[in-house]
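**Q** Pasting in a structure now, in structure tokens, and then I'll have a few things to ask.
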Amino acid sequence: MKVFRDYDQAGLDAQYEQRTFLPNAEAIIQRYTVASDAVRQRLGEPETHRYGESEVEALDIYGTARDKFLVFVHGGAWKRQGKRAQAFAAEPFVRAGAAYVAVGFGLLPSITLPEMAAQVQRALAFIHDRYRPKTLALVGHSSGAHLSACALTRLPYISAALVISGIYDLLPVRLSARNEYVRLDERLEEEYSPIRHAAKIRCPVTVAWSEKEGAEFDRQSREFAERLKAPAIMAKGLNHFEIVETLADPASPVGRAALNMLG
């Protein structure tokens, strides 16, 4: 029986679990940690700030610039990863005269999706209010792209954004097995589906995804780009977990797009 578009339940569940397509996902993700450790060897430990009351509400700032920031919101299906493994892309932005920020936040199911979105927005508000930067650029990957897109519909001071391989309409998530821990109802689906609130987004946005995404992630990215009339990047030859690594490469389409946001 079809539950969403042409997908039966098993097919829809597979579409919203990237590891269905990529059995080596954990090995790729481990590269983020290795590369981040190497970056800290070269740049030194970050300046860490608490932006909220809980211990996890903290952000790491790499580089000494305080007039330009690039803030990175990590993915992990809303339930995995943390800020220490997200320094891998810091160097090109620090060299370009900006600060690079890796945001830490709580994970499902220990908090709710609204709480997680609010934490990311508090982190951005902390940077804006404390430093009043000339440029506050935002990059999010996977579930972090969803959280970033939610922030764009609510915060007026983001200068520009790059969302990578994200989910922008939560209806199929609510209908999939992933909802066992995302815990969406129809109200939350509506409120936290950024594509439905695209008219509230005021800054320039670039939408990126990889050639080897699952079909639903490809569809969601294309539809979000079309709704925003945004520039689109489809990274050839890469998968969902590899595309974000190219953020560290200034010569890559994703790296160039991120650097261009800094002016």
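Residues are named by chain letter and number: chains run A, B, ... in the order of the structure tokens, numbers start at 1 in each chain, and ligands are numbered from 1 in the order shown.
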For range 107-212 of chain A against range 97-103 of chain A, with a cut-off of 9 Å and counting only C-alpha atoms, what is the closest atom pair and its distance in Å to one decimal for every residue that makes the cut, ordered by chain and number, as a Markdown table?

**A**
| residue | atom | partner | partner_atom | distance |
| --- | --- | --- | --- | --- |
| A:Val120 | CA | A:Val103 | CA | 7.3 |
| A:Ala123 | CA | A:Val103 | CA | 7.1 |
| A:Leu124 | CA | A:Val103 | CA | 8.9 |
| A:Thr135 | CA | A:Ala98 | CA | 9.0 |

**Q** Using all heavy atoms, can you write the selected residues to a file as a short mmCIF file (atom, residue, chain, number, x, y, z; two decimals), in the first residue's frame?

**A**
data_model
loop_
_atom_site.label_atom_id
_atom_site.label_comp_id
_atom_site.auth_asym_id
_atom_site.auth_seq_id
_atom_site.Cartn_x
_atom_site.Cartn_y
_atom_site.Cartn_z
N VAL A 120 19.65 26.10 18.11
CA VAL A 120 20.43 26.62 16.98
C VAL A 120 20.17 28.11 16.80
O VAL A 120 21.09 28.90 16.57
CB VAL A 120 20.09 25.83 15.69
CG1 VAL A 120 20.69 26.52 14.45
CG2 VAL A 120 20.59 24.40 15.80
N ALA A 123 22.03 30.07 19.39
CA ALA A 123 23.45 30.18 19.06
C ALA A 123 23.70 31.31 18.08
O ALA A 123 24.64 32.10 18.23
CB ALA A 123 23.96 28.85 18.49
N LEU A 124 22.86 31.40 17.07
CA LEU A 124 23.00 32.48 16.09
C LEU A 124 22.73 33.84 16.73
O LEU A 124 23.44 34.82 16.45
CB LEU A 124 22.04 32.23 14.93
CG LEU A 124 22.42 31.05 14.03
CD1 LEU A 124 21.21 30.58 13.23
CD2 LEU A 124 23.57 31.41 13.11
N THR A 135 29.01 40.46 8.67
CA THR A 135 28.51 39.33 7.90
C THR A 135 28.30 38.15 8.84
O THR A 135 29.20 37.79 9.61
CB THR A 135 29.52 38.92 6.82
OG1 THR A 135 29.74 40.03 5.94
CG2 THR A 135 29.01 37.73 6.01
#

**Q** If you run DSSP over the backbone, which residues in range 34-234 of chain A end up strand (DSSP E)? Put them as a PyMOL selection string.

**A** chain A and resi 47-50+58-62+68-73+99-103+135-141+160-164+205-212+232-234

**Q** Rounded to one decimal place, report the CA of Gln18 in chain A-CA of Leu108 in chain A distance in Å.

**A**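 Between CA of Gln18 in chain A and CA of Leu108 in chain A the gap works out to 17.2 Å.
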
**Q** Excluding same-chain residues fewer than 6 positions from Arg50 in chain A, what lies within 8 Å of it counting only C-alpha atoms, as a list in words?

**A** Glu57, Ala58 and Leu59 of chain A

**Q** I'd like the contact shell of Tyr7 in chain A - 12 Å cut-off, only C-alpha atoms, skipping same-chain residues fewer than 2 positions apart - returned as a ChimeraX atom specification.

**A** /A:1-5,9-16,172,175-176,215-216

**Q** Looking only at the backbone, which of the residues in range 28-256 of chain A does DSSP tag as helix (DSSP H, G or I), as a ChimeraX atom specification?

**A** /A:28-43,83-86,90-95,113-131,143-152,171-175,179-182,186-191,194-200,215-228,243-248,253-256

**Q** Using Å and a single decimal, report how far CA of Glu190 in chain A sits from CA of Val173 in chain A.

**A**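 Spanning CA of Val173 in chain A to CA of Glu190 in chain A is a straight-line distance of 11.9 Å.
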
**Q** For Thr20 in chain A, which residue among A:Asp218, A:Glu213, A:Glu245, A:Glu226 is the nearest when counting only C-alpha atoms?

**A**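 Checking each of A:Asp218, A:Glu213, A:Glu245, A:Glu226 against Thr20 in chain A, counting only C-alpha atoms, the winner is A:Glu213.
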
**Q** Show me a table, sorted first by chain and then by increasing residue number, of the residues of range 62-146 of chain A having an atom at most 8 Å from range 35-42 of chain A, each with its shortest atom pair and the distance in Å to one decimal, counting only C-alpha atoms and written as a tab-separated table.

**A**
residue	atom	partner	partner_atom	distance
A:Arg84	CA	A:Ser36	CA	7.2
A:Ala85	CA	A:Ser36	CA	5.6
A:Gln86	CA	A:Ser36	CA	6.3
A:Ala87	CA	A:Ser36	CA	4.6
A:Phe88	CA	A:Ser36	CA	4.1
A:Ala89	CA	A:Ser36	CA	7.8
A:Ala90	CA	A:Val39	CA	7.4
A:Glu91	CA	A:Val39	CA	7.1

**Q** Let's have the selection written as a tab-separated table (two decimals), in the first residue's frame, with all heavy atoms.

**A**
chain	number	residue	atom	x	y	z
A	84	ARG	N	32.66	18.95	18.01
A	84	ARG	CA	34.10	18.71	17.91
A	84	ARG	C	34.50	18.12	16.56
A	84	ARG	O	35.62	18.37	16.08
A	84	ARG	CB	34.57	17.78	19.03
A	84	ARG	CG	34.60	18.41	20.39
A	84	ARG	CD	35.70	19.43	20.54
A	84	ARG	NE	37.03	18.85	20.66
A	84	ARG	CZ	38.15	19.56	20.78
A	84	ARG	NH1	38.10	20.88	20.78
A	84	ARG	NH2	39.32	18.96	20.87
A	85	ALA	N	33.62	17.38	15.95
A	85	ALA	CA	33.92	16.75	14.66
A	85	ALA	C	33.61	17.65	13.48
A	85	ALA	O	33.69	17.20	12.32
A	85	ALA	CB	33.16	15.44	14.52
A	86	GLN	N	33.30	18.92	13.72
A	86	GLN	CA	32.87	19.81	12.65
A	86	GLN	C	33.88	20.91	12.34
A	86	GLN	O	33.55	21.88	11.65
A	86	GLN	CB	31.52	20.44	13.00
A	86	GLN	CG	30.49	19.48	13.51
A	86	GLN	CD	30.25	18.27	12.62
A	86	GLN	OE1	30.25	18.39	11.39
A	86	GLN	NE2	30.07	17.11	13.22
A	87	ALA	N	35.10	20.77	12.81
A	87	ALA	CA	36.13	21.77	12.52
A	87	ALA	C	36.83	21.53	11.19
A	87	ALA	O	37.65	22.35	10.77
A	87	ALA	CB	37.18	21.79	13.64
A	88	PHE	N	36.49	20.46	10.50
A	88	PHE	CA	37.23	20.03	9.31
A	88	PHE	C	37.26	21.10	8.22
A	88	PHE	O	38.18	21.13	7.40
A	88	PHE	CB	36.65	18.72	8.76
A	88	PHE	CG	35.21	18.81	8.35
A	88	PHE	CD1	34.86	19.20	7.07
A	88	PHE	CD2	34.21	18.47	9.25
A	88	PHE	CE1	33.53	19.29	6.69
A	88	PHE	CE2	32.86	18.55	8.88
A	88	PHE	CZ	32.53	18.96	7.59
A	89	ALA	N	36.26	21.97	8.19
A	89	ALA	CA	36.17	22.98	7.12
A	89	ALA	C	36.64	24.35	7.55
A	89	ALA	O	36.51	25.31	6.79
A	89	ALA	CB	34.73	23.06	6.60
A	90	ALA	N	37.21	24.49	8.74
A	90	ALA	CA	37.47	25.82	9.30
A	90	ALA	C	38.53	26.60	8.53
A	90	ALA	O	38.42	27.84	8.39
A	90	ALA	CB	37.89	25.70	10.76
A	91	GLU	N	39.58	25.95	8.05
A	91	GLU	CA	40.76	26.67	7.58
A	91	GLU	C	40.50	27.65	6.44
A	91	GLU	O	40.98	28.79	6.50
A	91	GLU	CB	41.86	25.68	7.20
A	91	GLU	CG	42.56	25.12	8.43
A	91	GLU	CD	43.66	24.17	8.06
A	91	GLU	OE1	43.34	23.04	7.65
A	91	GLU	OE2	44.85	24.54	8.18

**Q** Of the candidates A:Ile127, A:Val244, A:Ala145, A:Ile158, which one gets nearest to Met261 in chain A if we count only C-alpha atoms?

**A**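 Among A:Ile127, A:Val244, A:Ala145, A:Ile158, it is A:Ile158 that comes nearest to Met261 in chain A.
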
**Q** Tell me which of A:Ala27, A:Leu136, A:Val56, A:Ile164 sits closest to His74 in chain A, counting only C-alpha atoms.

**A** A:Ile164

**Q** Kindly give the distance, in Å, that separates CA of Val254 in chain A and CA of Lys83 in chain A, rounded to a single decimal.

**A**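 One can read the CA of Val254 in chain A to CA of Lys83 in chain A distance as 20.1 Å.
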
**Q** Name the closest residue to Leu107 in chain A among the candidates A:Ala177, A:Val94, A:Ala137, A:Leu147; distances are taken between atoms, counting only C-alpha atoms.

**A**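 Checking each candidate against Leu107 in chain A, we get A:Leu147 as the closest.
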
**Q** Show which residues sit within 12 Å of Arg256 in chain A, as number ranges by chain. Count only C-alpha atoms, and ignore same-chain residues fewer than 3 positions away.

**A** A: 92-93, 96, 162, 206, 208, 233, 246-253, 259-263
